[in-house]
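Everything below belongs to my_file06.txt, which stores compact mmCIF, N, CA and C atoms and all ligand atoms.
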```
# COMPACT_ATOMS: atom_id res chain seq x y z
N MET T 103 26.67 7.45 24.88
CA MET T 103 26.52 8.91 24.90
C MET T 103 25.60 9.30 26.05
N SER T 104 26.19 9.73 27.14
CA SER T 104 25.39 10.00 28.33
C SER T 104 24.42 11.15 28.11
N ALA T 105 24.73 12.05 27.16
CA ALA T 105 23.86 13.21 26.96
C ALA T 105 22.43 12.78 26.63
N TRP T 106 22.30 11.70 25.88
CA TRP T 106 20.96 11.27 25.48
C TRP T 106 20.17 10.70 26.65
N ILE T 107 20.88 10.15 27.64
CA ILE T 107 20.19 9.54 28.77
C ILE T 107 19.37 10.60 29.51
N TYR T 108 19.85 11.84 29.51
CA TYR T 108 19.18 12.89 30.25
C TYR T 108 18.20 13.68 29.37
N CYS T 109 18.02 13.24 28.17
CA CYS T 109 17.03 13.87 27.30
C CYS T 109 15.63 13.67 27.90
N ASP T 110 14.82 14.71 27.90
CA ASP T 110 13.48 14.63 28.50
C ASP T 110 12.66 13.50 27.92
N ASP T 111 12.74 13.32 26.63
CA ASP T 111 11.91 12.30 25.99
C ASP T 111 12.14 10.92 26.60
N LEU T 112 13.39 10.64 26.90
CA LEU T 112 13.72 9.30 27.37
C LEU T 112 13.40 9.10 28.84
N LEU T 113 13.08 10.19 29.53
CA LEU T 113 12.71 10.05 30.94
C LEU T 113 11.24 9.66 31.08
N HIS T 114 10.48 9.91 30.04
CA HIS T 114 9.07 9.52 30.07
C HIS T 114 8.92 8.06 29.66
N THR T 115 7.72 7.56 29.84
CA THR T 115 7.48 6.17 29.45
C THR T 115 7.58 6.06 27.93
N ASN T 116 7.78 4.87 27.49
CA ASN T 116 7.90 4.62 26.06
C ASN T 116 6.68 5.18 25.33
N PRO T 117 6.89 5.99 24.29
CA PRO T 117 5.74 6.60 23.60
C PRO T 117 4.78 5.57 23.01
N THR T 118 5.25 4.37 22.78
CA THR T 118 4.34 3.37 22.22
C THR T 118 3.27 3.00 23.24
N ASP T 119 3.53 3.21 24.54
CA ASP T 119 2.49 2.96 25.53
C ASP T 119 1.29 3.88 25.29
N ASP T 120 1.60 5.14 24.97
CA ASP T 120 0.52 6.09 24.69
C ASP T 120 -0.22 5.69 23.43
N ILE T 121 0.51 5.18 22.46
CA ILE T 121 -0.10 4.77 21.21
C ILE T 121 -1.13 3.67 21.46
N MET T 122 -0.76 2.72 22.30
CA MET T 122 -1.66 1.59 22.55
C MET T 122 -2.90 2.03 23.31
N ASP T 123 -2.79 3.15 24.06
CA ASP T 123 -3.92 3.60 24.84
C ASP T 123 -4.92 4.39 24.00
N LYS T 124 -4.55 4.73 22.78
CA LYS T 124 -5.43 5.55 21.96
C LYS T 124 -6.71 4.79 21.62
N PRO T 125 -7.87 5.46 21.75
CA PRO T 125 -9.12 4.83 21.34
C PRO T 125 -9.15 4.68 19.82
N TYR T 126 -9.93 3.72 19.37
CA TYR T 126 -10.03 3.56 17.92
C TYR T 126 -10.76 4.77 17.34
N PRO T 127 -10.22 5.37 16.27
CA PRO T 127 -10.79 6.62 15.75
C PRO T 127 -12.18 6.42 15.16
N SER T 128 -13.04 7.42 15.35
CA SER T 128 -14.37 7.38 14.76
C SER T 128 -14.33 7.74 13.29
N TRP T 129 -13.39 8.63 12.94
CA TRP T 129 -13.27 9.11 11.58
C TRP T 129 -11.80 9.12 11.19
N VAL T 130 -11.54 8.74 9.97
CA VAL T 130 -10.15 8.73 9.52
C VAL T 130 -10.07 9.31 8.12
N CYS T 131 -8.92 9.92 7.80
CA CYS T 131 -8.73 10.42 6.45
C CYS T 131 -8.17 9.31 5.56
N ALA T 132 -8.26 9.51 4.27
CA ALA T 132 -7.83 8.49 3.33
C ALA T 132 -6.35 8.18 3.47
N GLU T 133 -5.54 9.21 3.73
CA GLU T 133 -4.10 9.00 3.83
C GLU T 133 -3.76 8.05 4.97
N CYS T 134 -4.37 8.28 6.13
CA CYS T 134 -4.07 7.43 7.28
C CYS T 134 -4.59 6.01 7.05
N ALA T 135 -5.77 5.90 6.47
CA ALA T 135 -6.34 4.57 6.22
C ALA T 135 -5.48 3.79 5.23
N HIS T 136 -5.04 4.47 4.20
CA HIS T 136 -4.23 3.79 3.20
C HIS T 136 -2.88 3.37 3.78
N GLU T 137 -2.33 4.24 4.63
CA GLU T 137 -1.05 3.89 5.25
C GLU T 137 -1.23 2.69 6.18
N ALA T 138 -2.35 2.67 6.90
CA ALA T 138 -2.60 1.57 7.83
C ALA T 138 -2.77 0.25 7.07
N ARG T 139 -3.43 0.32 5.93
CA ARG T 139 -3.68 -0.89 5.17
C ARG T 139 -2.47 -1.28 4.33
N GLY T 140 -1.61 -0.30 4.06
CA GLY T 140 -0.44 -0.59 3.25
C GLY T 140 -0.72 -0.60 1.76
N ARG T 141 -1.95 -0.22 1.40
CA ARG T 141 -2.26 -0.18 -0.03
C ARG T 141 -3.45 0.76 -0.23
N PHE T 142 -3.62 1.20 -1.43
CA PHE T 142 -4.72 2.09 -1.75
C PHE T 142 -6.00 1.29 -1.96
N SER T 143 -7.12 1.84 -1.53
CA SER T 143 -8.40 1.19 -1.79
C SER T 143 -9.41 2.24 -2.25
N GLN T 144 -10.13 1.92 -3.27
CA GLN T 144 -11.13 2.84 -3.79
C GLN T 144 -12.42 2.69 -3.01
N LEU T 145 -12.97 3.81 -2.55
CA LEU T 145 -14.16 3.76 -1.71
C LEU T 145 -15.32 4.46 -2.38
N ASN T 146 -16.50 4.16 -1.87
CA ASN T 146 -17.67 4.94 -2.21
C ASN T 146 -17.57 6.26 -1.48
N THR T 147 -17.32 7.34 -2.20
CA THR T 147 -17.04 8.61 -1.55
C THR T 147 -18.28 9.26 -0.97
N SER T 148 -19.45 8.69 -1.17
CA SER T 148 -20.67 9.29 -0.65
C SER T 148 -20.69 9.28 0.87
N THR T 149 -19.88 8.40 1.48
CA THR T 149 -19.88 8.34 2.94
C THR T 149 -18.88 9.30 3.55
N MET T 150 -18.16 10.03 2.72
CA MET T 150 -17.10 10.89 3.25
C MET T 150 -17.64 12.30 3.50
N HIS T 151 -17.00 12.98 4.43
CA HIS T 151 -17.38 14.36 4.74
C HIS T 151 -16.16 15.10 5.27
N GLU T 152 -16.28 16.41 5.37
CA GLU T 152 -15.19 17.21 5.93
C GLU T 152 -15.21 17.08 7.45
N GLY T 153 -14.07 16.75 8.02
CA GLY T 153 -14.00 16.59 9.47
C GLY T 153 -12.57 16.51 9.93
N THR T 154 -12.40 16.04 11.15
CA THR T 154 -11.07 15.92 11.71
C THR T 154 -10.69 14.45 11.80
N CYS T 155 -9.55 14.12 11.21
CA CYS T 155 -9.07 12.74 11.24
C CYS T 155 -8.70 12.35 12.67
N GLY T 156 -9.21 11.20 13.12
CA GLY T 156 -8.92 10.74 14.47
C GLY T 156 -7.52 10.19 14.64
N VAL T 157 -6.80 10.04 13.55
CA VAL T 157 -5.44 9.49 13.62
C VAL T 157 -4.41 10.60 13.57
N CYS T 158 -4.42 11.39 12.48
CA CYS T 158 -3.40 12.43 12.32
C CYS T 158 -3.87 13.76 12.90
N GLY T 159 -5.20 13.90 13.18
CA GLY T 159 -5.70 15.10 13.81
C GLY T 159 -5.87 16.29 12.88
N GLN T 160 -5.70 16.07 11.58
CA GLN T 160 -5.81 17.16 10.63
C GLN T 160 -7.23 17.25 10.09
N ALA T 161 -7.63 18.47 9.71
CA ALA T 161 -8.93 18.68 9.10
C ALA T 161 -8.85 18.23 7.64
N LYS T 162 -9.59 17.18 7.34
CA LYS T 162 -9.51 16.57 6.02
C LYS T 162 -10.87 15.99 5.66
N THR T 163 -10.92 15.40 4.48
CA THR T 163 -12.08 14.60 4.13
C THR T 163 -11.94 13.26 4.82
N VAL T 164 -12.91 12.93 5.67
CA VAL T 164 -12.79 11.72 6.49
C VAL T 164 -13.99 10.80 6.25
N THR T 165 -13.83 9.56 6.66
CA THR T 165 -14.91 8.59 6.59
C THR T 165 -14.73 7.60 7.73
N GLU T 166 -15.68 6.67 7.86
CA GLU T 166 -15.58 5.70 8.94
C GLU T 166 -14.48 4.68 8.64
N PRO T 167 -13.72 4.29 9.66
CA PRO T 167 -12.71 3.25 9.44
C PRO T 167 -13.33 1.93 8.97
N ARG T 168 -14.62 1.76 9.21
CA ARG T 168 -15.32 0.57 8.73
C ARG T 168 -15.18 0.42 7.22
N ASP T 169 -15.17 1.58 6.53
CA ASP T 169 -15.09 1.55 5.07
C ASP T 169 -13.77 0.96 4.59
N TYR T 170 -12.80 0.96 5.49
CA TYR T 170 -11.48 0.40 5.13
C TYR T 170 -11.26 -0.96 5.80
N GLY T 171 -12.30 -1.50 6.41
CA GLY T 171 -12.17 -2.80 7.05
C GLY T 171 -11.49 -2.73 8.41
N TYR T 172 -11.67 -1.60 9.11
CA TYR T 172 -11.08 -1.41 10.44
C TYR T 172 -9.61 -1.78 10.46
N PRO T 173 -8.79 -1.05 9.72
CA PRO T 173 -7.35 -1.35 9.72
C PRO T 173 -6.69 -1.03 11.06
N ASP T 174 -5.54 -1.60 11.27
CA ASP T 174 -4.75 -1.34 12.48
C ASP T 174 -3.92 -0.08 12.25
N PHE T 175 -4.23 0.96 13.03
CA PHE T 175 -3.57 2.26 12.83
C PHE T 175 -2.29 2.39 13.64
N THR T 176 -1.85 1.31 14.28
CA THR T 176 -0.68 1.41 15.16
C THR T 176 0.53 1.93 14.40
N ARG T 177 0.71 1.47 13.19
CA ARG T 177 1.91 1.91 12.45
C ARG T 177 1.84 3.40 12.12
N VAL T 178 0.61 3.90 11.89
CA VAL T 178 0.47 5.33 11.61
C VAL T 178 0.75 6.14 12.87
N TYR T 179 0.20 5.67 14.00
CA TYR T 179 0.46 6.35 15.27
C TYR T 179 1.95 6.34 15.58
N THR T 180 2.60 5.24 15.29
CA THR T 180 4.03 5.13 15.57
C THR T 180 4.81 6.12 14.73
N ARG T 181 4.46 6.23 13.44
CA ARG T 181 5.15 7.17 12.58
C ARG T 181 4.93 8.60 13.05
N LEU T 182 3.68 8.92 13.39
CA LEU T 182 3.37 10.28 13.85
C LEU T 182 4.12 10.60 15.13
N ALA T 183 4.22 9.61 16.02
CA ALA T 183 4.94 9.83 17.28
C ALA T 183 6.42 10.04 17.01
N ASN T 184 6.96 9.29 16.08
CA ASN T 184 8.37 9.44 15.73
C ASN T 184 8.62 10.81 15.11
N GLU T 185 7.69 11.25 14.26
CA GLU T 185 7.85 12.56 13.63
C GLU T 185 7.76 13.67 14.67
N ALA T 186 6.85 13.51 15.64
CA ALA T 186 6.71 14.52 16.68
C ALA T 186 7.98 14.61 17.51
N ARG T 187 8.56 13.45 17.81
CA ARG T 187 9.81 13.46 18.57
C ARG T 187 10.93 14.06 17.74
N SER T 188 10.96 13.76 16.46
CA SER T 188 12.01 14.28 15.60
C SER T 188 11.94 15.80 15.52
N SER T 189 10.71 16.33 15.46
CA SER T 189 10.55 17.77 15.31
C SER T 189 11.00 18.50 16.55
N GLN T 190 11.07 17.79 17.68
CA GLN T 190 11.56 18.42 18.91
C GLN T 190 13.08 18.48 18.93
N HIS T 191 13.69 17.73 18.04
CA HIS T 191 15.16 17.71 17.96
C HIS T 191 15.53 18.07 16.53
N GLY T 192 15.81 19.33 16.31
CA GLY T 192 16.06 19.81 14.96
C GLY T 192 17.14 19.03 14.24
N GLN T 193 18.12 18.55 14.97
CA GLN T 193 19.23 17.86 14.33
C GLN T 193 18.77 16.54 13.72
N SER T 194 17.89 15.82 14.41
CA SER T 194 17.54 14.47 13.96
C SER T 194 16.50 14.49 12.85
N LYS T 195 15.78 15.61 12.69
CA LYS T 195 14.72 15.64 11.69
C LYS T 195 15.30 15.46 10.29
N ALA T 196 16.40 16.15 10.00
CA ALA T 196 17.00 16.03 8.68
C ALA T 196 17.45 14.60 8.43
N ALA T 197 17.95 13.96 9.47
CA ALA T 197 18.40 12.57 9.31
C ALA T 197 17.22 11.67 9.00
N ASP T 198 16.08 11.92 9.65
CA ASP T 198 14.90 11.10 9.41
C ASP T 198 14.41 11.30 7.98
N GLU T 199 14.48 12.53 7.50
CA GLU T 199 14.02 12.78 6.13
C GLU T 199 14.89 12.06 5.13
N ARG T 200 16.18 12.00 5.41
CA ARG T 200 17.07 11.25 4.51
C ARG T 200 16.74 9.77 4.58
N ALA T 201 16.49 9.27 5.80
CA ALA T 201 16.19 7.85 5.97
C ALA T 201 14.87 7.51 5.29
N GLY T 202 13.95 8.49 5.23
CA GLY T 202 12.65 8.23 4.63
C GLY T 202 12.71 7.92 3.16
N THR T 203 13.80 8.28 2.50
CA THR T 203 13.92 8.01 1.08
C THR T 203 14.53 6.64 0.81
N ALA T 204 14.97 5.96 1.86
CA ALA T 204 15.60 4.66 1.66
C ALA T 204 14.55 3.61 1.32
N PRO T 205 14.88 2.66 0.47
CA PRO T 205 13.93 1.59 0.15
C PRO T 205 13.64 0.73 1.36
N GLN T 206 12.45 0.18 1.43
CA GLN T 206 12.07 -0.62 2.60
C GLN T 206 12.55 -2.06 2.48
ZN ZN P 1 -5.33 11.21 8.94
```
Could you show the structure in this file as C-alpha cells?
Amino acid sequence: MSAWIYCDDLLHTNPTDDIMDKPYPSWVCAECAHEARGRFSQLNTSTMHEGTCGVCGQAKTVTEPRDYGYPDFTRVYTRLANEARSSQHGQSKAADERAGTAPQ
C-alpha cells in the first residue's frame, strides 16, 4: 500500500528512538509504575504527593520510581507513543481499541 509510505509518521525516525532518549522520570504515577512492573505493588503512601507523572505527563498522585524498584518504563513509553500515533489516524484508533481487548 504505497499510501502509507508517504504518511508523515513514517518519514520520521522510528518513534522508539525518541523513547530511548527519554530521561528516567523523577516522579511517576501508580498506573505507570504498575504497568512497567507488570503487577500491582502496595506502597507506603506517605511518600506520595500531587504532581506531574514523568511518564504519562498527567497530573496525578506521584512518587519516586525508587519506591517501585526503578522499573523499566520502556513498555509504557511504547504504549503511549502507539496511542499518540493512533489518535492521529482516526481510522486506526478503533482498531487498536478492539485489539486491546484481546488476551495476551
Ligand atoms: Zn503516569
Within 5 Å of ligand ZN 1 (chain P), counting only N, CA and C atoms and all ligand atoms, which protein or nucleic acid residues do you find, written as a PDB file with N, CA and C atoms, keeping the file's coordinate frame?
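The result, written out as out.pdb:
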```pdb
ATOM      1  N   CYS T 131      -8.920   9.920   7.800  1.00  0.00           N
ATOM      2  CA  CYS T 131      -8.730  10.420   6.450  1.00  0.00           C
ATOM      3  C   CYS T 131      -8.170   9.310   5.560  1.00  0.00           C
ATOM      4  N   CYS T 134      -4.370   8.280   6.130  1.00  0.00           N
ATOM      5  CA  CYS T 134      -4.070   7.430   7.280  1.00  0.00           C
ATOM      6  C   CYS T 134      -4.590   6.010   7.050  1.00  0.00           C
ATOM      7  N   CYS T 155      -9.550  14.120  11.210  1.00  0.00           N
ATOM      8  CA  CYS T 155      -9.070  12.740  11.240  1.00  0.00           C
ATOM      9  C   CYS T 155      -8.700  12.350  12.670  1.00  0.00           C
ATOM     10  N   VAL T 157      -6.800  10.040  13.550  1.00  0.00           N
ATOM     11  CA  VAL T 157      -5.440   9.490  13.620  1.00  0.00           C
ATOM     12  C   VAL T 157      -4.410  10.600  13.570  1.00  0.00           C
ATOM     13  N   CYS T 158      -4.420  11.390  12.480  1.00  0.00           N
ATOM     14  CA  CYS T 158      -3.400  12.430  12.320  1.00  0.00           C
ATOM     15  C   CYS T 158      -3.870  13.760  12.900  1.00  0.00           C
TER      16      CYS T 158
END
```
(request) Find the distance between atom CA of His151 of chain T and atom CA of Thr165 of chain T and write it in Å to one decimal. (result) 6.5 Å
(request) Provide the atom C of Glu166 of chain T to atom CA of Asn184 of chain T distance in Å, to one decimal place. (result)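 So the answer is 24.4 Å.
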(request) State, in Å with one decimal place, the distance from atom CA of Phe175 of chain T to atom CA of Ala138 of chain T. (result)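 Going from atom CA of Phe175 of chain T over to atom CA of Ala138 of chain T covers 5.1 Å.
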(request) Counting all atoms listed in the file, figure out which residue out of T:Arg139, T:Gly156, T:Glu133, T:Lys124 gets nearest to Tyr172 of chain T. (result)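 Nearest to Tyr172 of chain T: T:Arg139.
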(request) Run DSSP on the backbone of this structure and report the residues of segment 121-180 of chain T it assigns to helix (DSSP H, G or I), as a PyMOL selection string. (result) chain T and resi 121-123+132-139+147-149+167-170+176-180
